[in-house]
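*Asks:* Structure file upload_4.txt (compact mmCIF, C-alpha atoms and all ligand atoms) right here:
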# COMPACT_ATOMS: atom_id res chain seq x y z
CA MET F 629 92.69 108.69 69.36
CA LEU F 630 95.27 106.39 70.86
CA THR F 631 94.87 102.70 70.00
CA ILE F 632 94.82 100.57 73.12
CA HIS F 633 94.35 96.83 72.84
CA ASP F 634 92.07 95.73 75.65
CA GLN F 635 93.19 92.34 76.94
CA PRO F 636 91.93 92.05 80.53
CA LEU F 637 93.61 89.46 82.72
CA PRO F 638 91.32 86.57 83.74
CA TYR F 639 91.15 87.74 87.35
CA VAL F 640 90.46 91.47 86.92
CA ALA F 641 87.00 91.18 88.53
CA LYS F 642 88.76 89.95 91.71
CA LEU F 643 90.88 93.10 92.00
CA PRO F 644 89.52 95.86 94.28
CA ASP F 645 87.35 98.49 92.63
CA ARG F 646 88.12 102.23 92.89
CA PRO F 647 86.84 105.47 91.41
CA ALA F 648 88.93 107.15 88.70
CA SER F 649 89.40 110.04 91.14
CA ALA F 650 91.45 107.77 93.46
CA VAL F 651 94.35 107.66 90.98
CA THR F 652 97.07 110.21 91.80
CA LEU F 653 100.24 108.46 90.62
CA VAL F 654 101.60 106.58 87.64
CA VAL F 655 104.46 104.12 88.22
CA ILE F 656 106.85 103.27 85.38
CA HIS F 657 108.13 99.70 85.20
CA CYS F 658 109.96 97.48 82.80
CA THR F 659 109.07 93.83 82.52
CA GLU F 660 112.64 92.48 82.95
CA LEU F 661 111.47 89.68 80.64
CA PRO F 662 112.33 88.86 77.01
CA ASP F 663 108.98 89.62 75.37
CA LEU F 664 105.33 90.55 75.83
CA ALA F 665 104.09 86.93 75.66
CA THR F 666 106.26 86.05 78.65
CA ALA F 667 105.08 89.13 80.52
CA ARG F 668 101.47 88.05 79.89
CA GLU F 669 102.25 84.58 81.30
CA TYR F 670 103.68 86.16 84.45
CA GLY F 671 100.71 88.50 84.75
CA GLU F 672 98.22 85.64 84.53
CA ARG F 673 99.83 83.67 87.35
CA VAL F 674 97.61 83.53 90.44
CA LEU F 675 99.69 84.55 93.44
CA TYR F 676 97.17 85.51 96.11
CA GLU F 677 94.30 83.83 97.96
CA SER F 678 91.93 86.30 96.31
CA GLY F 679 92.62 84.53 93.02
CA ALA F 680 94.53 87.54 91.65
CA GLY F 681 98.14 87.97 90.59
CA ALA F 682 100.66 90.75 89.94
CA SER F 683 100.71 92.94 86.84
CA GLY F 684 100.70 96.47 85.55
CA HIS F 685 97.60 98.10 84.06
CA TYR F 686 99.28 98.85 80.73
CA TYR F 687 102.04 97.14 78.72
CA ILE F 688 103.94 98.85 75.91
CA ASP F 689 105.73 96.55 73.47
CA ARG F 690 108.96 97.46 71.69
CA ASP F 691 107.02 98.52 68.57
CA GLY F 692 104.93 100.99 70.59
CA SER F 693 101.77 98.86 70.74
CA ILE F 694 99.79 99.50 73.93
CA TYR F 695 97.87 96.79 75.78
CA ARG F 696 95.54 97.21 78.74
CA TYR F 697 95.53 94.23 81.10
CA VAL F 698 93.71 95.89 84.01
CA PRO F 699 91.13 98.73 83.87
CA ASP F 700 92.09 102.03 85.52
CA THR F 701 89.27 101.52 88.04
CA ARG F 702 90.78 98.31 89.47
CA VAL F 703 93.72 98.17 91.88
CA ALA F 704 96.53 96.10 90.32
CA ASN F 705 99.44 94.60 92.27
CA HIS F 706 102.52 96.25 90.78
CA VAL F 707 104.29 98.21 93.52
CA ARG F 708 104.59 97.66 97.26
CA GLY F 709 102.79 100.29 99.29
CA TYR F 710 101.35 102.40 96.44
CA ASN F 711 98.86 100.17 94.63
CA PRO F 712 95.56 101.77 95.74
CA GLN F 713 96.38 105.21 94.27
CA SER F 714 98.44 104.23 91.24
CA ILE F 715 98.43 103.05 87.64
CA GLY F 716 101.28 100.75 86.60
CA ILE F 717 102.77 101.02 83.11
CA GLU F 718 105.15 98.25 82.03
CA LEU F 719 107.58 98.69 79.13
CA VAL F 720 108.80 95.47 77.54
CA ASN F 721 112.54 95.38 78.18
CA ARG F 722 114.90 92.59 79.29
CA GLY F 723 116.30 94.54 82.20
CA ARG F 724 118.41 92.11 84.24
CA TYR F 725 116.70 89.00 82.77
CA PRO F 726 117.36 86.19 83.55
CA ASN F 727 119.92 86.95 86.28
CA TRP F 728 117.86 89.49 88.21
CA TYR F 729 119.72 89.15 91.49
CA ASP F 730 123.20 88.14 90.27
CA SER F 731 125.60 90.67 91.76
CA HIS F 732 127.62 90.70 88.52
CA ARG F 733 124.60 91.25 86.25
CA GLN F 734 123.02 94.40 87.63
CA THR F 735 123.57 96.53 84.52
CA MET F 736 120.50 97.05 82.35
CA THR F 737 121.73 97.35 78.77
CA GLU F 738 118.65 97.27 76.52
CA PRO F 739 117.60 100.77 75.43
CA TYR F 740 113.93 101.69 75.35
CA THR F 741 112.76 102.17 71.75
CA ALA F 742 111.68 105.53 70.37
CA ALA F 743 108.30 103.94 69.55
CA GLN F 744 107.88 102.85 73.19
CA ILE F 745 108.66 106.30 74.55
CA ALA F 746 106.36 108.01 72.04
CA ALA F 747 103.55 105.61 72.96
CA LEU F 748 104.18 106.15 76.66
CA ARG F 749 104.01 109.92 76.27
CA ALA F 750 100.74 109.67 74.34
CA LEU F 751 99.32 107.32 76.97
CA LEU F 752 100.26 109.73 79.75
CA VAL F 753 98.41 112.54 77.95
CA GLN F 754 95.32 110.35 77.70
CA LEU F 755 95.50 109.23 81.34
CA ARG F 756 95.86 112.84 82.49
CA ALA F 757 92.68 113.67 80.55
CA GLU F 758 90.74 110.75 82.05
CA LEU F 759 92.02 110.74 85.65
CA PRO F 760 91.34 114.13 87.27
CA ASN F 761 93.75 113.74 90.21
CA LEU F 762 96.71 112.23 88.36
CA HIS F 763 99.63 114.57 89.08
CA GLN F 764 102.59 112.36 90.05
CA ILE F 765 104.94 109.90 88.37
CA ALA F 766 107.64 107.63 89.76
CA GLY F 767 109.88 104.78 88.71
CA HIS F 768 109.35 101.47 90.49
CA GLU F 769 112.95 101.74 91.70
CA ASP F 770 112.10 105.13 93.27
CA LEU F 771 109.34 103.63 95.45
CA ASP F 772 110.60 100.13 96.29
CA THR F 773 114.17 100.52 97.52
CA ALA F 774 114.43 97.13 99.28
CA ARG F 775 117.61 95.13 98.84
CA VAL F 776 117.85 91.35 98.72
CA PRO F 777 120.73 88.84 99.04
CA ALA F 778 122.47 88.31 95.69
CA SER F 779 121.75 84.94 94.04
CA ASP F 780 125.45 84.29 93.42
CA ASP F 781 126.69 85.50 96.80
CA PRO F 782 124.31 85.72 99.79
CA GLY F 783 126.86 87.93 101.52
CA ARG F 784 126.14 90.71 99.03
CA GLU F 785 122.93 92.63 98.43
CA VAL F 786 121.33 93.84 95.21
CA PRO F 787 118.24 96.00 94.62
CA ARG F 788 115.00 94.03 94.56
CA LYS F 789 113.63 96.47 92.01
CA LEU F 790 115.74 98.39 89.50
CA ASP F 791 113.14 99.25 86.89
CA PRO F 792 112.86 101.22 84.71
CA GLY F 793 116.59 101.80 85.36
CA PRO F 794 119.24 104.07 83.87
CA GLN F 795 118.20 103.54 80.23
CA PHE F 796 114.86 105.25 80.86
CA PRO F 797 114.79 108.80 79.37
CA TRP F 798 113.22 110.65 82.30
CA ALA F 799 113.78 114.16 80.95
CA GLU F 800 112.07 113.36 77.66
CA VAL F 801 109.11 111.68 79.36
CA LEU F 802 108.64 114.40 81.99
CA ALA F 803 108.83 117.30 79.52
CA GLY F 804 105.35 118.72 79.06
CA SER F 805 103.75 115.78 80.89
CA GLY F 806 102.27 117.91 83.66
CA LEU F 807 103.43 115.22 86.09
CA GLN F 808 105.78 115.66 89.02
CA ARG F 809 108.33 112.92 89.72
CA ILE F 810 108.32 111.64 93.27
CA ASP F 811 110.89 109.51 95.03
CA ALA F 812 110.55 107.57 98.29
CA ARG F 813 114.29 108.02 98.98
CA HIS F 814 113.99 111.75 99.65
ZN ZN V 1 108.46 97.11 88.36
Please render this file's structure as structure tokens.
Ligand SMILES: [Zn+2]

*Replies:*
Amino acid sequence: MLTIHDQPLPYVAKLPDRPASAVTLVVIHCTELPDLATAREYGERVLYESGAGASGHYYIDRDGSIYRYVPDTRVANHVRGYNPQSIGIELVNRGRYPNWYDSHRQTMTEPYTAAQIAALRALLVQLRAELPNLHQIAGHEDLDTARVPASDDPGREVPRKLDPGPQFPWAEVLAGSGLQRIDARH
């Protein structure tokens, strides 16, 4: 049995409820932050009038430890346009931190660890067993393709979301997952 550390965010009861059967999609993210503690701080921030904030359901640290911040049966705010039907999984990774929108710093260099990818694959197996209609997977970058003015040069644009980015081993994660990758760009 997979070990999942249950650490619900303070506002989970304020997130909309849904049946497990409503989940059809898992969205892969990276935190674009230095560590899990910082990701937790961001997740706890209240951003909406409802009293809720933005976070994934699951966080996977570099050592492969898995944390659940939001139950599968609550709608978390992690991806524009796809929240009601999806589960968000965040991998701890610096991404573009701290120069997310700097036009000269758009290369993500930190590799995902083998422990993270093994934990992710095990988590996907468990989610597939628990969520009867879960058949699709996407990267955040595949679904949110908006571009924003660069922080160093407003005349240039950079992707608002680039996670999980080119370091993410899609072939390895998809193999045997039973999930089909979808992409809003096609
Ligand atoms: Zn994301």

*Asks:* Using all atoms listed in the file, determine which residues fall within 9 Å of ligand ZN 1 (chain V), then list them as a PDB file with C-alpha atoms, in the coordinates of the input.

*Replies:*
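File part.pdb, as written:
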ATOM      1  CA  VAL F 655     104.460 104.120  88.220  1.00  0.00           C
ATOM      2  CA  ILE F 656     106.850 103.270  85.380  1.00  0.00           C
ATOM      3  CA  HIS F 657     108.130  99.700  85.200  1.00  0.00           C
ATOM      4  CA  CYS F 658     109.960  97.480  82.800  1.00  0.00           C
ATOM      5  CA  THR F 659     109.070  93.830  82.520  1.00  0.00           C
ATOM      6  CA  GLU F 660     112.640  92.480  82.950  1.00  0.00           C
ATOM      7  CA  SER F 683     100.710  92.940  86.840  1.00  0.00           C
ATOM      8  CA  GLY F 684     100.700  96.470  85.550  1.00  0.00           C
ATOM      9  CA  HIS F 706     102.520  96.250  90.780  1.00  0.00           C
ATOM     10  CA  VAL F 707     104.290  98.210  93.520  1.00  0.00           C
ATOM     11  CA  GLY F 716     101.280 100.750  86.600  1.00  0.00           C
ATOM     12  CA  ILE F 717     102.770 101.020  83.110  1.00  0.00           C
ATOM     13  CA  GLU F 718     105.150  98.250  82.030  1.00  0.00           C
ATOM     14  CA  GLY F 767     109.880 104.780  88.710  1.00  0.00           C
ATOM     15  CA  HIS F 768     109.350 101.470  90.490  1.00  0.00           C
ATOM     16  CA  GLU F 769     112.950 101.740  91.700  1.00  0.00           C
ATOM     17  CA  ASP F 772     110.600 100.130  96.290  1.00  0.00           C
ATOM     18  CA  LYS F 789     113.630  96.470  92.010  1.00  0.00           C
ATOM     19  CA  LEU F 790     115.740  98.390  89.500  1.00  0.00           C
ATOM     20  CA  ASP F 791     113.140  99.250  86.890  1.00  0.00           C
ATOM     21  CA  PRO F 792     112.860 101.220  84.710  1.00  0.00           C
TER      22      PRO F 792
END

*Asks:* Between CA of Ala750 (chain F) and CA of Thr737 (chain F), measure the distance and give it in Å to one decimal.

*Replies:* 24.7 Å

*Asks:* Kindly indicate which residue among F:Leu643, F:Ile694, F:Leu653, F:Ala665 lies nearest to Ser678 (chain F), using all atoms listed in the file for the distances.

*Replies:*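 Result for the nearest residue to Ser678 (chain F): F:Leu643.
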
*Asks:* One decimal, Å: what's the distance from CA of Thr631 (chain F) over to CA of Arg756 (chain F), could you say?

*Replies:*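 CA of Arg756 (chain F) lies 16.1 Å from CA of Thr631 (chain F).
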
*Asks:* Between F:Val703, F:Ala766, F:Ala778, F:Val651, single out the one closest to Asp730 (chain F), counting all atoms listed in the file.

*Replies:*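 Selected residue with least distance to Asp730 (chain F): F:Ala778.
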
*Asks:* Which polymer residues have any atom within 10 Å of an atom of Pro782 (chain F), counting only C-alpha atoms, with same-chain residues fewer than 5 positions away left out, as number ranges by chain?

*Replies:* F: 730-731, 776-777

*Asks:* Can you pull out every residue within 12 Å of Tyr687 (chain F), counting all atoms listed in the file, but drop anything in the same chain fewer than 6 positions away, and send it as a ChimeraX atom specification?

*Replies:* /F:632-636,656-659,663-668,671,693-698,715-721,744,747-748,751

*Asks:* Which one of F:Asp700, F:Glu800, F:Glu672, F:Asp691 sits closest to Ala743 (chain F) if you count only C-alpha atoms?

*Replies:*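 Closest to Ala743 (chain F), using only C-alpha atoms: F:Asp691.
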
*Asks:* Return the single residue from F:Leu661, F:Ser805, F:Pro794, F:Arg646 that is closest to Gln754 (chain F), with distances computed using all atoms listed in the file.

*Replies:*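 Among the listed residues, the smallest separation from Gln754 (chain F) belongs to F:Ser805.
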
*Asks:* Point out the residue among F:Arg722, F:Leu762, F:Leu755, F:Tyr729 with the least atom-to-atom distance to Arg809 (chain F), counting all atoms listed in the file.

*Replies:* F:Leu762

*Asks:* If you count only C-alpha atoms, which residues fall within 8 Å of Thr773 (chain F), apart from same-chain ones fewer than 6 positions away, as an MDAnalysis selection string?

*Replies:* chainID F and resid 787:789 812:813

*Asks:* How far is it from CA of Pro662 (chain F) to CA of Ser779 (chain F), in Å with one decimal?

*Replies:*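 Spanning CA of Pro662 (chain F) to CA of Ser779 (chain F) is a straight-line distance of 19.9 Å.
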
*Asks:* So which residues are close to (122.4, 99.7, 83.1), meaning at most 9 Å away in the file's coordinates with all atoms listed in the file counted, and can you show them as a PyMOL selection string?

*Replies:* chain F and resi 723-724+734-738+793-795

*Asks:* For those residues, write C-alpha atoms to a file as a tab-separated table (two decimals), in the coordinates of the input.

*Replies:*
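Generated output (again-v3.tsv):
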chain	number	residue	atom	x	y	z
F	723	GLY	CA	116.30	94.54	82.20
F	724	ARG	CA	118.41	92.11	84.24
F	734	GLN	CA	123.02	94.40	87.63
F	735	THR	CA	123.57	96.53	84.52
F	736	MET	CA	120.50	97.05	82.35
F	737	THR	CA	121.73	97.35	78.77
F	738	GLU	CA	118.65	97.27	76.52
F	793	GLY	CA	116.59	101.80	85.36
F	794	PRO	CA	119.24	104.07	83.87
F	795	GLN	CA	118.20	103.54	80.23

*Asks:* Counting all atoms listed in the file, which of F:Trp798, F:Gly806, F:Ile745, F:Val753 gets nearest to Met629 (chain F)?

*Replies:*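 Selected residue with least distance to Met629 (chain F): F:Val753.
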
*Asks:* Report, as JSON, the axis-aligned box around all atoms of region 646-658 of chain F present in the file, extended by 5 Å on each side; give centre and edge lengths in Å to one decimal place.

*Replies:*
{"center_x": 98.4, "center_y": 103.8, "center_z": 88.1, "size_x": 33.1, "size_y": 22.7, "size_z": 20.7}

*Asks:* Please list as a ChimeraX atom specification every residue within 9 Å of Thr701 (chain F), counting only C-alpha atoms and excluding residues in the same chain fewer than 5 positions away.

*Replies:* /F:644-648,650-651
